[in-house]
file my_file-v1.txt (compact mmCIF, C-alpha atoms and all ligand atoms)
# COMPACT_ATOMS: atom_id res chain seq x y z
CA MET A 61 15.91 -0.22 28.72
CA ARG A 62 17.48 -2.64 26.33
CA ILE A 63 15.33 -2.52 23.22
CA THR A 64 15.72 -5.00 20.38
CA VAL A 65 13.79 -4.31 17.21
CA PHE A 66 12.80 -7.17 14.91
CA LEU A 67 12.73 -6.07 11.28
CA GLY A 68 11.39 -8.26 8.52
CA ALA A 69 8.53 -8.76 6.12
CA PRO A 70 5.11 -9.84 7.28
CA GLY A 71 5.36 -13.64 7.59
CA SER A 72 9.11 -13.71 8.21
CA GLY A 73 8.57 -15.26 11.67
CA LYS A 74 9.27 -12.22 13.85
CA GLY A 75 6.15 -12.76 15.95
CA THR A 76 6.74 -16.47 16.49
CA GLN A 77 10.33 -15.85 17.61
CA ALA A 78 9.45 -12.87 19.80
CA LYS A 79 6.76 -14.90 21.59
CA ARG A 80 9.23 -17.73 22.26
CA LEU A 81 11.92 -15.38 23.56
CA ALA A 82 9.41 -13.71 25.87
CA GLU A 83 8.12 -17.02 27.27
CA ASP A 84 10.42 -16.87 30.30
CA GLY A 85 8.74 -13.64 31.40
CA LEU A 86 12.07 -11.77 31.47
CA VAL A 87 11.59 -10.06 28.14
CA HIS A 88 8.62 -7.83 27.23
CA HIS A 89 7.27 -8.41 23.75
CA PHE A 90 5.19 -5.81 21.98
CA SER A 91 3.62 -6.60 18.63
CA THR A 92 1.93 -3.49 17.29
CA GLY A 93 -0.14 -5.65 14.91
CA ASP A 94 -1.46 -7.71 17.85
CA MET A 95 -2.10 -4.55 19.88
CA LEU A 96 -4.14 -3.08 17.03
CA ARG A 97 -6.08 -6.32 16.49
CA ALA A 98 -6.89 -6.38 20.23
CA ALA A 99 -8.08 -2.77 19.97
CA ILE A 100 -10.31 -3.73 17.03
CA ALA A 101 -11.75 -6.66 19.01
CA ALA A 102 -12.42 -4.34 21.96
CA GLY A 103 -14.11 -1.80 19.68
CA SER A 104 -11.99 1.07 21.02
CA ASP A 105 -11.45 4.37 19.16
CA ILE A 106 -8.00 3.40 17.95
CA GLY A 107 -9.39 -0.01 16.95
CA LEU A 108 -12.07 1.56 14.77
CA LYS A 109 -9.45 3.74 13.09
CA ALA A 110 -6.95 0.87 12.71
CA LYS A 111 -9.41 -1.48 11.01
CA VAL A 112 -9.71 0.77 7.99
CA TYR A 113 -5.93 0.72 7.40
CA ILE A 114 -5.35 -2.93 8.33
CA ASP A 115 -8.07 -4.28 6.03
CA LYS A 116 -6.45 -2.40 3.13
CA GLY A 117 -2.92 -3.53 4.11
CA GLU A 118 -1.85 0.08 4.66
CA LEU A 119 0.21 1.55 7.50
CA LEU A 120 -1.41 3.65 10.22
CA PRO A 121 -0.15 7.24 10.60
CA ASP A 122 3.19 7.55 12.41
CA ASP A 123 1.84 9.82 15.18
CA VAL A 124 -0.82 7.26 16.15
CA MET A 125 1.72 4.42 16.26
CA ILE A 126 4.36 6.43 18.13
CA GLU A 127 1.82 7.34 20.79
CA LEU A 128 0.71 3.70 21.08
CA ILE A 129 4.25 2.39 21.59
CA ASN A 130 5.25 5.21 23.97
CA LYS A 131 2.22 4.40 26.13
CA ALA A 132 3.22 0.72 26.20
CA LEU A 133 6.85 1.45 27.15
CA LYS A 134 6.11 4.14 29.73
CA PRO A 135 5.24 1.91 32.73
CA LEU A 136 8.27 -0.38 32.28
CA PRO A 137 11.25 -0.09 34.65
CA ASP A 138 14.48 1.24 33.11
CA SER A 139 16.10 -2.19 33.51
CA SER A 140 13.55 -3.87 31.19
CA LYS A 141 14.45 -5.94 28.15
CA VAL A 142 12.06 -5.34 25.29
CA ILE A 143 11.45 -6.85 21.86
CA LEU A 144 9.52 -4.70 19.41
CA ASP A 145 7.87 -6.66 16.62
CA GLY A 146 6.21 -4.64 13.87
CA PHE A 147 7.53 -1.31 15.16
CA PRO A 148 9.22 0.75 13.76
CA ARG A 149 7.82 0.41 10.24
CA THR A 150 9.07 3.81 9.06
CA VAL A 151 12.19 5.94 9.59
CA ALA A 152 10.04 8.52 11.43
CA GLN A 153 9.02 5.78 13.91
CA ALA A 154 12.67 4.67 14.30
CA GLU A 155 13.75 8.25 14.96
CA ALA A 156 10.98 8.68 17.54
CA LEU A 157 12.36 5.74 19.55
CA ASP A 158 15.95 6.96 19.37
CA LYS A 159 14.99 10.50 20.34
CA SER A 160 14.71 9.55 24.01
CA PRO A 161 17.76 7.93 25.67
CA ARG A 162 15.37 5.66 27.58
CA SER A 163 13.91 4.09 24.43
CA ARG A 164 17.03 4.18 22.27
CA VAL A 165 17.29 0.96 20.23
CA SER A 166 20.18 -1.31 21.17
CA GLU A 167 20.00 -3.48 18.08
CA ALA A 168 17.83 -4.02 15.03
CA ILE A 169 17.72 -7.58 13.74
CA MET A 170 16.62 -8.11 10.16
CA PHE A 171 14.86 -11.44 9.38
CA GLU A 172 15.94 -12.28 5.82
CA ILE A 173 13.72 -14.57 3.75
CA PRO A 174 12.88 -15.02 0.03
CA GLU A 175 9.63 -13.38 -1.13
CA ASP A 176 8.00 -16.48 -2.71
CA ILE A 177 8.18 -18.23 0.67
CA LEU A 178 6.57 -15.24 2.37
CA VAL A 179 3.57 -15.28 0.05
CA LYS A 180 3.01 -19.00 0.72
CA ARG A 181 3.39 -18.53 4.46
CA LEU A 182 1.04 -15.55 4.70
CA THR A 183 -1.78 -16.83 2.53
CA GLY A 184 -1.66 -20.22 4.32
CA ARG A 185 -1.52 -18.72 7.80
CA ARG A 186 -4.37 -19.32 10.26
CA VAL A 187 -4.44 -17.55 13.61
CA CYS A 188 -6.04 -18.39 16.94
CA LYS A 189 -8.52 -15.73 18.03
CA LYS A 190 -7.76 -16.31 21.70
CA CYS A 191 -3.96 -16.67 22.07
CA GLY A 192 -2.73 -15.34 18.73
CA SER A 193 -0.71 -18.49 17.86
CA SER A 194 -0.43 -19.06 14.15
CA PHE A 195 -0.34 -22.26 12.13
CA HIS A 196 0.07 -23.10 8.47
CA VAL A 197 -2.65 -24.96 6.62
CA GLU A 198 -0.08 -27.36 5.15
CA PHE A 199 0.94 -28.57 8.58
CA MET A 200 -2.43 -28.26 10.21
CA PRO A 201 -5.22 -28.58 7.66
CA PHE A 202 -7.66 -25.79 8.34
CA GLU A 203 -11.20 -26.68 9.19
CA PRO A 204 -13.51 -23.88 10.22
CA GLY A 205 -14.16 -24.19 13.93
CA LYS A 206 -11.05 -26.29 14.63
CA SER A 207 -9.58 -25.37 17.98
CA CYS A 208 -6.06 -24.04 18.57
CA GLN A 209 -3.32 -26.59 19.30
CA ASP A 210 -1.70 -24.27 21.84
CA CYS A 211 -4.53 -22.97 24.02
CA LYS A 212 -7.36 -25.30 22.92
CA GLY A 213 -9.24 -22.04 22.67
CA GLU A 214 -11.40 -20.55 20.04
CA PHE A 215 -11.26 -21.45 16.40
CA LEU A 216 -8.55 -20.52 13.94
CA TYR A 217 -9.29 -17.88 11.35
CA GLN A 218 -7.59 -16.24 8.39
CA ARG A 219 -6.63 -12.60 8.96
CA THR A 220 -8.43 -10.38 6.45
CA ASP A 221 -5.06 -8.92 5.47
CA ASP A 222 -3.61 -12.39 4.73
CA SER A 223 -5.74 -12.70 1.58
CA ILE A 224 -3.67 -12.90 -1.61
CA ASP A 225 -4.50 -9.39 -2.90
CA VAL A 226 -3.79 -7.63 0.41
CA VAL A 227 -0.58 -9.68 0.94
CA GLY A 228 0.84 -8.32 -2.34
CA LYS A 229 0.21 -4.77 -1.19
CA ARG A 230 1.66 -5.36 2.29
CA LEU A 231 4.85 -6.83 0.83
CA ALA A 232 5.23 -3.91 -1.59
CA ILE A 233 4.83 -1.40 1.26
CA PHE A 234 7.25 -3.42 3.38
CA LYS A 235 9.94 -3.36 0.67
CA THR A 236 9.78 0.40 0.27
CA GLN A 237 9.75 1.18 4.02
CA ASN A 238 12.33 -1.45 4.91
CA GLU A 239 15.01 0.01 2.64
CA GLY A 240 14.85 3.22 4.65
CA LEU A 241 14.97 1.35 7.97
CA LEU A 242 17.97 -0.75 6.89
CA SER A 243 19.92 2.34 5.89
CA TYR A 244 18.88 4.10 9.09
CA TYR A 245 20.08 1.29 11.38
CA SER A 246 23.25 0.64 9.39
CA ARG A 247 24.04 4.34 9.68
CA VAL A 248 23.43 4.19 13.45
CA GLY A 249 25.64 1.07 13.47
CA ASN A 250 23.38 -1.43 15.25
CA LEU A 251 22.00 -3.49 12.35
CA LYS A 252 22.28 -7.30 12.51
CA LYS A 253 20.87 -9.90 10.09
CA ILE A 254 19.69 -13.49 10.40
CA ASP A 255 18.69 -16.13 7.88
CA ALA A 256 15.00 -16.56 8.73
CA ASN A 257 14.44 -19.35 6.23
CA LYS A 258 15.46 -22.06 8.67
CA GLN A 259 13.88 -24.25 11.31
CA VAL A 260 12.25 -22.32 14.16
CA ASP A 261 14.63 -23.72 16.83
CA LEU A 262 17.73 -22.85 14.79
CA ILE A 263 16.52 -19.29 14.27
CA GLN A 264 15.85 -18.97 17.99
CA LYS A 265 19.40 -20.09 18.74
CA SER A 266 20.86 -17.50 16.33
CA LEU A 267 18.73 -14.82 17.97
CA VAL A 268 19.80 -15.75 21.49
CA ASP A 269 23.45 -15.56 20.34
CA LEU A 270 22.92 -12.19 18.65
CA MET A 271 21.06 -10.71 21.61
CA SER A 272 23.47 -11.83 24.32
P1 LIG B 301 1.40 -7.01 11.48
O1 LIG B 301 0.60 -7.94 12.34
O2 LIG B 301 2.68 -6.55 12.13
O3 LIG B 301 1.62 -7.55 10.08
O4 LIG B 301 0.54 -5.66 11.33
C1 LIG B 301 -0.75 -5.69 10.75
C2 LIG B 301 -1.14 -4.30 10.28
O5 LIG B 301 -1.18 -3.40 11.40
C3 LIG B 301 -0.21 -3.63 9.29
O6 LIG B 301 -0.44 -4.05 7.96
C4 LIG B 301 -0.56 -2.15 9.50
O7 LIG B 301 -1.81 -1.85 8.91
C5 LIG B 301 -0.76 -2.08 11.02
N1 LIG B 301 0.51 -1.79 11.72
C6 LIG B 301 1.18 -2.59 12.61
N2 LIG B 301 2.30 -2.01 13.06
C7 LIG B 301 2.37 -0.80 12.46
C8 LIG B 301 3.31 0.27 12.51
N3 LIG B 301 4.41 0.21 13.27
N4 LIG B 301 3.04 1.38 11.74
C9 LIG B 301 1.95 1.47 10.99
N5 LIG B 301 1.02 0.49 10.87
C10 LIG B 301 1.22 -0.65 11.61
call {"tool": "encode", "arguments": {"input": "my_file-v1.txt", "output": "structure tokens"}}
result
Amino acid sequence: MRITVFLGAPGSGKGTQAKRLAEDGLVHHFSTGDMLRAAIAAGSDIGLKAKVYIDKGELLPDDVMIELINKALKPLPDSSKVILDGFPRTVAQAEALDKSPRSRVSEAIMFEIPEDILVKRLTGRRVCKKCGSSFHVEFMPFEPGKSCQDCKGEFLYQRTDDSIDVVGKRLAIFKTQNEGLLSYYSRVGNLKKIDANKQVDLIQKSLVDLMS
């Protein structure tokens, strides 16, 4: 498999870009955050466990996350192209991927963006319950019950972990864990960086160039 890992703080646009790059159906996109939120919505065992961590802005245990991602990758053919968004979050998770030649990471792309912009983005983010698209209140004033621009589906809501107090905690955890991941991937020699504080289309173009 050719696995590309998107690294970056919550709100740095990894999910938006991964979704766009996977639109053609040739790339598989796995967002561990979305997978966990789906598990919560389904009321499954892992969902019940995940909710406790997610609501507090804390990371789930590595063994749970490694099992989740291994299960997702297992059915894919060896020729698959994969984008991982939100995984790995720790060096132990990164090592678990690289342990097997089949899931060895080809490149890790770090989305760089100033912290004050992240806080604004996260606390103003509203997400569609049905398709997962996200919007910012500044560009799409939030009214409870308003339907999603993309799928015309259910109403937009604010993730519990996008509240200002949980955002601070998530960013602090991100900073600590990310330092380890950056040193890990620079040691392995497959770390790339992009300026993620640009227009969505320009970022997509940089990513396509980096991933080709
Ligand atoms: P995200 O949507 O990527 O911001 O993830 C939302 C939340 O899901 C995180 O704050 C964690 O609680 C949990 N989560 C997602 N991915 C991971 C991971 N790789 N390791 C541990 N926890 C995770």
call {"tool": "residues_near_ligand", "arguments": {"input": "my_file-v1.txt", "ligand": "ligand LIG 301 (chain B)", "cutoff": "6 Å", "atoms": "only C-alpha atoms and all ligand atoms", "output": "list in words"}}
result
Pro70, Thr92, Gly93, Asp94, Tyr113, Ile114, Gly117, Glu118, Leu119, Leu120, Met125, Gly146, Phe147, Pro148 and Arg149 of chain A
call {"tool": "closest_atom_pairs", "arguments": {"input": "my_file-v1.txt", "of": "region 151-177 of chain A", "to": "region 130-142 of chain A", "cutoff": "12 Å", "atoms": "all atoms listed in the file", "output": "JSON lines"}}
result
{"residue": "A:Gln153", "atom": "CA", "partner": "A:Asn130", "partner_atom": "CA", "distance": 10.8}
{"residue": "A:Ala156", "atom": "CA", "partner": "A:Asn130", "partner_atom": "CA", "distance": 9.3}
{"residue": "A:Leu157", "atom": "CA", "partner": "A:Asn130", "partner_atom": "CA", "distance": 8.4}
{"residue": "A:Asp158", "atom": "CA", "partner": "A:Asn130", "partner_atom": "CA", "distance": 11.8}
{"residue": "A:Lys159", "atom": "CA", "partner": "A:Asn130", "partner_atom": "CA", "distance": 11.7}
{"residue": "A:Ser160", "atom": "CA", "partner": "A:Asn130", "partner_atom": "CA", "distance": 10.4}
{"residue": "A:Pro161", "atom": "CA", "partner": "A:Asp138", "partner_atom": "CA", "distance": 10.5}
{"residue": "A:Arg162", "atom": "CA", "partner": "A:Asp138", "partner_atom": "CA", "distance": 7.1}
{"residue": "A:Ser163", "atom": "CA", "partner": "A:Leu133", "partner_atom": "CA", "distance": 8.0}
{"residue": "A:Arg164", "atom": "CA", "partner": "A:Val142", "partner_atom": "CA", "distance": 11.2}
{"residue": "A:Val165", "atom": "CA", "partner": "A:Val142", "partner_atom": "CA", "distance": 9.6}
{"residue": "A:Ser166", "atom": "CA", "partner": "A:Val142", "partner_atom": "CA", "distance": 10.0}
{"residue": "A:Glu167", "atom": "CA", "partner": "A:Val142", "partner_atom": "CA", "distance": 10.9}
{"residue": "A:Ala168", "atom": "CA", "partner": "A:Val142", "partner_atom": "CA", "distance": 11.8}
call {"tool": "atom_distance", "arguments": {"input": "my_file-v1.txt", "atom1": "CA of Lys212 (chain A)", "atom2": "CA of Arg80 (chain A)"}}
result
18.2 Å
call {"tool": "atom_distance", "arguments": {"input": "my_file-v1.txt", "atom1": "CA of Ser104 (chain A)", "atom2": "CA of Phe215 (chain A)"}}
result
23.0 Å
call {"tool": "closest_residue", "arguments": {"input": "my_file-v1.txt", "among": "A:Glu172, A:Asp261, A:Glu83, A:Glu155", "to": "Tyr244 (chain A)", "atoms": "only C-alpha atoms"}}
result
A:Glu155
call {"tool": "closest_residue", "arguments": {"input": "my_file-v1.txt", "among": "A:Arg97, A:Arg181, A:Arg62, A:Lys109", "to": "Ile143 (chain A)", "atoms": "only C-alpha atoms"}}
result
A:Arg62
call {"tool": "closest_residue", "arguments": {"input": "my_file-v1.txt", "among": "A:Met170, A:Arg219, A:Leu270, A:Ala78", "to": "Ser243 (chain A)", "atoms": "all atoms listed in the file"}}
result
A:Met170
call {"tool": "residues_around", "arguments": {"input": "my_file-v1.txt", "residues": "Gln264 (chain A)", "least_positions_apart": "5", "cutoff": "12 Å", "atoms": "only C-alpha atoms", "output": "CSV table (one decimal) with C-alpha atoms, in the coordinates of the input"}}
result
chain,number,residue,atom,x,y,z
A,73,GLY,CA,8.6,-15.3,11.7
A,74,LYS,CA,9.3,-12.2,13.8
A,75,GLY,CA,6.2,-12.8,16.0
A,76,THR,CA,6.7,-16.5,16.5
A,77,GLN,CA,10.3,-15.8,17.6
A,78,ALA,CA,9.4,-12.9,19.8
A,79,LYS,CA,6.8,-14.9,21.6
A,80,ARG,CA,9.2,-17.7,22.3
A,81,LEU,CA,11.9,-15.4,23.6
A,82,ALA,CA,9.4,-13.7,25.9
A,171,PHE,CA,14.9,-11.4,9.4
A,254,ILE,CA,19.7,-13.5,10.4
A,255,ASP,CA,18.7,-16.1,7.9
A,256,ALA,CA,15.0,-16.6,8.7
A,257,ASN,CA,14.4,-19.4,6.2
A,258,LYS,CA,15.5,-22.1,8.7
A,259,GLN,CA,13.9,-24.2,11.3
A,269,ASP,CA,23.4,-15.6,20.3
A,270,LEU,CA,22.9,-12.2,18.6
A,271,MET,CA,21.1,-10.7,21.6
